[in-house]
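Novice: Sharing entry24.cif below, mmCIF, C-alpha atoms; chains and numbers go by the auth columns:
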```
data_data
loop_
_atom_site.group_PDB
_atom_site.id
_atom_site.type_symbol
_atom_site.label_atom_id
_atom_site.label_comp_id
_atom_site.label_asym_id
_atom_site.label_seq_id
_atom_site.Cartn_x
_atom_site.Cartn_y
_atom_site.Cartn_z
_atom_site.B_iso_or_equiv
_atom_site.auth_seq_id
_atom_site.auth_asym_id
ATOM 1 C CA MET A 1 27.056 68.760 -6.341 0.00 26 A
ATOM 2 C CA ASN A 2 27.814 65.125 -7.084 0.00 27 A
ATOM 3 C CA THR A 3 30.632 63.337 -5.296 0.00 28 A
ATOM 4 C CA LYS A 4 32.189 59.993 -6.173 0.00 29 A
ATOM 5 C CA LEU A 5 31.606 57.070 -3.823 0.00 30 A
ATOM 6 C CA THR A 6 33.412 53.738 -3.791 0.00 31 A
ATOM 7 C CA LEU A 7 31.469 50.665 -2.675 0.00 32 A
ATOM 8 C CA SER A 8 32.423 47.039 -2.162 0.00 33 A
ATOM 9 C CA ILE A 9 29.668 44.849 -3.591 0.00 34 A
ATOM 10 C CA GLU A 10 29.572 41.259 -4.816 0.00 35 A
ATOM 11 C CA ARG A 11 30.592 41.025 -8.465 0.00 36 A
ATOM 12 C CA GLN A 12 27.467 39.094 -9.501 0.00 37 A
ATOM 13 C CA LEU A 13 25.193 41.672 -7.858 0.00 38 A
ATOM 14 C CA ILE A 14 26.992 44.473 -9.677 0.00 39 A
ATOM 15 C CA GLN A 15 26.525 42.734 -13.030 0.00 40 A
ATOM 16 C CA GLU A 16 22.835 42.020 -12.405 0.00 41 A
ATOM 17 C CA SER A 17 22.285 45.587 -11.218 0.00 42 A
ATOM 18 C CA LYS A 18 23.938 47.033 -14.321 0.00 43 A
ATOM 19 C CA GLU A 19 21.717 44.878 -16.538 0.00 44 A
ATOM 20 C CA PHE A 20 18.628 45.980 -14.595 0.00 45 A
ATOM 21 C CA ALA A 21 19.605 49.640 -14.917 0.00 46 A
ATOM 22 C CA LYS A 22 20.237 49.276 -18.649 0.00 47 A
ATOM 23 C CA LYS A 23 16.853 47.570 -19.180 0.00 48 A
ATOM 24 C CA HIS A 24 15.136 50.467 -17.462 0.00 49 A
ATOM 25 C CA GLY A 25 17.145 53.182 -19.242 0.00 50 A
ATOM 26 C CA LYS A 26 18.823 54.408 -16.062 0.00 51 A
ATOM 27 C CA SER A 27 22.365 54.517 -14.789 0.00 52 A
ATOM 28 C CA LEU A 28 23.390 52.402 -11.839 0.00 53 A
ATOM 29 C CA SER A 29 24.395 55.586 -10.020 0.00 54 A
ATOM 30 C CA HIS A 30 20.897 56.998 -10.551 0.00 55 A
ATOM 31 C CA LEU A 31 19.230 53.845 -9.203 0.00 56 A
ATOM 32 C CA ILE A 32 21.429 53.828 -6.108 0.00 57 A
ATOM 33 C CA GLU A 33 20.877 57.551 -5.554 0.00 58 A
ATOM 34 C CA GLN A 34 17.090 57.136 -5.782 0.00 59 A
ATOM 35 C CA TYR A 35 17.203 54.198 -3.383 0.00 60 A
ATOM 36 C CA LEU A 36 19.248 56.147 -0.840 0.00 61 A
ATOM 37 C CA LYS A 37 16.866 59.101 -1.159 0.00 62 A
ATOM 38 C CA SER A 38 13.926 56.815 -0.450 0.00 63 A
ATOM 39 C CA LEU A 39 15.671 55.513 2.670 0.00 64 A
ATOM 40 C CA THR A 40 16.432 58.968 4.007 0.00 65 A
ATOM 41 C CA ALA A 41 13.213 60.750 2.983 0.00 66 A
ATOM 42 C CA PRO A 42 11.017 61.946 5.838 0.00 67 A
ATOM 43 C CA ALA A 43 7.886 59.895 6.421 0.00 68 A
ATOM 44 C CA SER A 44 5.665 62.746 5.194 0.00 69 A
ATOM 45 C CA GLU A 45 7.346 62.741 1.775 0.00 70 A
ATOM 46 C CA MET A 46 6.999 58.985 1.498 0.00 71 A
ATOM 47 C CA GLN A 47 3.334 59.222 2.404 0.00 72 A
ATOM 48 C CA GLU A 48 2.730 61.881 -0.263 0.00 73 A
ATOM 49 C CA GLU A 49 4.374 59.725 -2.911 0.00 74 A
ATOM 50 C CA HIS A 50 2.137 56.808 -2.019 0.00 75 A
ATOM 51 C CA SER A 51 -1.065 58.774 -1.503 0.00 76 A
ATOM 52 C CA ALA A 52 -2.650 57.213 -4.573 0.00 77 A
ATOM 53 C CA LEU A 53 -2.084 53.772 -3.112 0.00 78 A
ATOM 54 C CA ILE A 54 -3.419 54.874 0.242 0.00 79 A
ATOM 55 C CA GLN A 55 -6.573 56.189 -1.439 0.00 80 A
ATOM 56 C CA LEU A 56 -7.113 52.824 -3.118 0.00 81 A
ATOM 57 C CA LYS A 57 -6.885 50.924 0.162 0.00 82 A
ATOM 58 C CA GLY A 58 -10.112 49.046 0.696 0.00 83 A
ATOM 59 C CA SER A 59 -11.325 49.623 -2.864 0.00 84 A
ATOM 60 C CA PHE A 60 -10.975 45.976 -3.731 0.00 85 A
ATOM 61 C CA SER A 61 -12.714 43.245 -1.806 0.00 86 A
ATOM 62 C CA GLU A 62 -11.226 39.832 -1.261 0.00 87 A
ATOM 63 C CA PRO A 63 -12.761 37.017 -3.258 0.00 88 A
ATOM 64 C CA THR A 64 -15.493 35.094 -1.465 0.00 89 A
ATOM 65 C CA ILE A 65 -14.204 31.823 -2.864 0.00 90 A
ATOM 66 C CA SER A 66 -10.908 30.290 -1.770 0.00 91 A
ATOM 67 C CA ASP A 67 -8.033 29.395 -4.083 0.00 92 A
ATOM 68 C CA GLU A 68 -8.658 25.738 -3.307 0.00 93 A
ATOM 69 C CA GLU A 69 -12.307 26.023 -4.367 0.00 94 A
ATOM 70 C CA ILE A 70 -11.296 27.742 -7.611 0.00 95 A
ATOM 71 C CA LEU A 71 -8.811 24.956 -8.355 0.00 96 A
ATOM 72 C CA ILE A 72 -11.327 22.212 -7.605 0.00 97 A
ATOM 73 C CA SER A 73 -13.927 23.885 -9.820 0.00 98 A
ATOM 74 C CA ALA A 74 -11.439 24.209 -12.690 0.00 99 A
ATOM 75 C CA LEU A 75 -10.370 20.566 -12.371 0.00 100 A
ATOM 76 C CA ILE A 76 -13.982 19.381 -12.326 0.00 101 A
ATOM 77 C CA LYS A 77 -14.723 21.376 -15.494 0.00 102 A
ATOM 78 C CA LYS A 78 -11.583 20.099 -17.193 0.00 103 A
ATOM 79 C CA TYR A 79 -12.066 16.417 -16.419 0.00 104 A
ATOM 80 C CA LYS A 80 -15.879 16.243 -16.473 0.00 105 A
ATOM 81 C CA PRO A 81 -16.938 13.491 -18.926 0.00 106 A
#
```
Represent the structure from my file as C-alpha coordinates, please.
Specialist:
Amino acid sequence: MNTKLTLSIERQLIQESKEFAKKHGKSLSHLIEQYLKSLTAPASEMQEEHSALIQLKGSFSEPTISDEEILISALIKKYKP
(Lines of atoms letter the chains of each structure in order from A and count residues from 1; the text may use other names and numbers.)
(Lines give C-alpha, C1' and ligand atoms only; values in the text may rest on other atoms or scores of the structure.)
Protein backbone atom coordinates (compact mmCIF):
# COMPACT_ATOMS: atom_id res chain seq x y z
CA MET A 1 0.00 0.00 0.00
CA ASN A 2 1.42 3.37 -1.00
CA THR A 3 1.47 6.24 1.46
CA LYS A 4 2.13 9.91 0.74
CA LEU A 5 5.34 11.44 2.05
CA THR A 6 6.23 15.12 2.24
CA LEU A 7 9.89 16.10 1.85
CA SER A 8 11.73 19.40 2.05
CA ILE A 9 14.25 19.56 -0.79
CA GLU A 10 15.99 22.42 -2.57
CA ARG A 11 13.86 23.77 -5.41
CA GLN A 12 16.64 23.44 -8.01
CA LEU A 13 17.25 19.80 -7.05
CA ILE A 14 13.55 19.04 -7.39
CA GLN A 15 13.46 20.57 -10.88
CA GLU A 16 16.58 18.71 -12.02
CA SER A 17 15.26 15.46 -10.56
CA LYS A 18 11.93 15.84 -12.34
CA GLU A 19 13.73 16.42 -15.64
CA PHE A 20 15.92 13.36 -15.04
CA ALA A 21 12.89 11.21 -14.24
CA LYS A 22 11.06 12.42 -17.35
CA LYS A 23 14.09 11.69 -19.57
CA HIS A 24 14.18 8.15 -18.25
CA GLY A 25 10.41 7.58 -18.48
CA LYS A 26 9.95 7.23 -14.72
CA SER A 27 8.13 9.19 -12.07
CA LEU A 28 10.07 11.03 -9.40
CA SER A 29 8.25 8.95 -6.78
CA HIS A 30 9.43 5.76 -8.49
CA LEU A 31 13.05 6.93 -8.57
CA ILE A 32 12.99 7.88 -4.90
CA GLU A 33 11.29 4.60 -3.96
CA GLN A 34 13.92 2.58 -5.85
CA TYR A 35 16.72 4.56 -4.21
CA LEU A 36 15.30 3.98 -0.73
CA LYS A 37 14.89 0.27 -1.49
CA SER A 38 18.53 0.08 -2.53
CA LEU A 39 19.57 1.72 0.74
CA THR A 40 17.53 -0.64 2.88
CA ALA A 41 18.08 -3.88 0.92
CA PRO A 42 20.03 -6.58 2.74
CA ALA A 43 23.60 -7.05 1.55
CA SER A 44 22.75 -10.45 0.04
CA GLU A 45 20.15 -8.90 -2.28
CA MET A 46 22.57 -6.20 -3.36
CA GLN A 47 25.22 -8.81 -4.07
CA GLU A 48 22.80 -10.84 -6.21
CA GLU A 49 21.89 -7.78 -8.25
CA HIS A 50 25.54 -7.08 -8.94
CA SER A 51 26.65 -10.66 -9.49
CA ALA A 52 27.30 -10.02 -13.16
CA LEU A 53 29.69 -7.24 -12.25
CA ILE A 54 31.36 -9.40 -9.65
CA GLN A 55 31.87 -12.14 -12.24
CA LEU A 56 33.56 -9.66 -14.57
CA LYS A 57 36.02 -8.54 -11.91
CA GLY A 58 39.52 -9.20 -13.15
CA SER A 59 38.40 -9.89 -16.72
CA PHE A 60 40.04 -6.75 -18.00
CA SER A 61 43.70 -6.02 -17.53
CA GLU A 62 45.07 -2.55 -17.03
CA PRO A 63 46.93 -1.07 -19.96
CA THR A 64 50.69 -1.57 -19.89
CA ILE A 65 51.25 1.95 -21.17
CA SER A 66 50.53 5.03 -19.08
CA ASP A 67 48.18 7.85 -20.07
CA GLU A 68 51.19 10.15 -20.31
CA GLU A 69 52.93 7.79 -22.75
CA ILE A 70 49.78 7.58 -24.88
CA LEU A 71 49.55 11.38 -24.99
CA ILE A 72 53.22 11.79 -25.89
CA SER A 73 52.91 9.20 -28.66
CA ALA A 74 49.82 10.92 -30.09
CA LEU A 75 51.51 14.34 -30.01
CA ILE A 76 54.62 12.98 -31.72
CA LYS A 77 52.48 11.44 -34.49
CA LYS A 78 50.47 14.63 -34.89
CA TYR A 79 53.40 17.04 -35.08
CA LYS A 80 55.97 14.79 -36.78
CA PRO A 81 57.28 16.59 -39.90
Novice: What is the distance, in Å and to one decimal place, between CA of Ser54 (chain A) and CA of Leu30 (chain A)?
Specialist: 9.6 Å
Novice: Could you work out how far CA of Leu64 (chain A) lies from CA of Lys43 (chain A), giving the answer in Å with one decimal?
Specialist: 20.7 Å
Novice: Counting all atoms listed in the file, what is within 12 Å of His55 (chain A), bar same-chain residues fewer than 3 positions away, as a VMD selection string?
Specialist: chain A and resid 27 42 to 43 45 to 47 49 to 52 58 to 62
Novice: What does the distance between CA of Leu53 (chain A) and CA of Thr65 (chain A) come to in Å, to one decimal place?
Specialist: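 Separation of CA of Leu53 (chain A) and CA of Thr65 (chain A): 18.5 Å.
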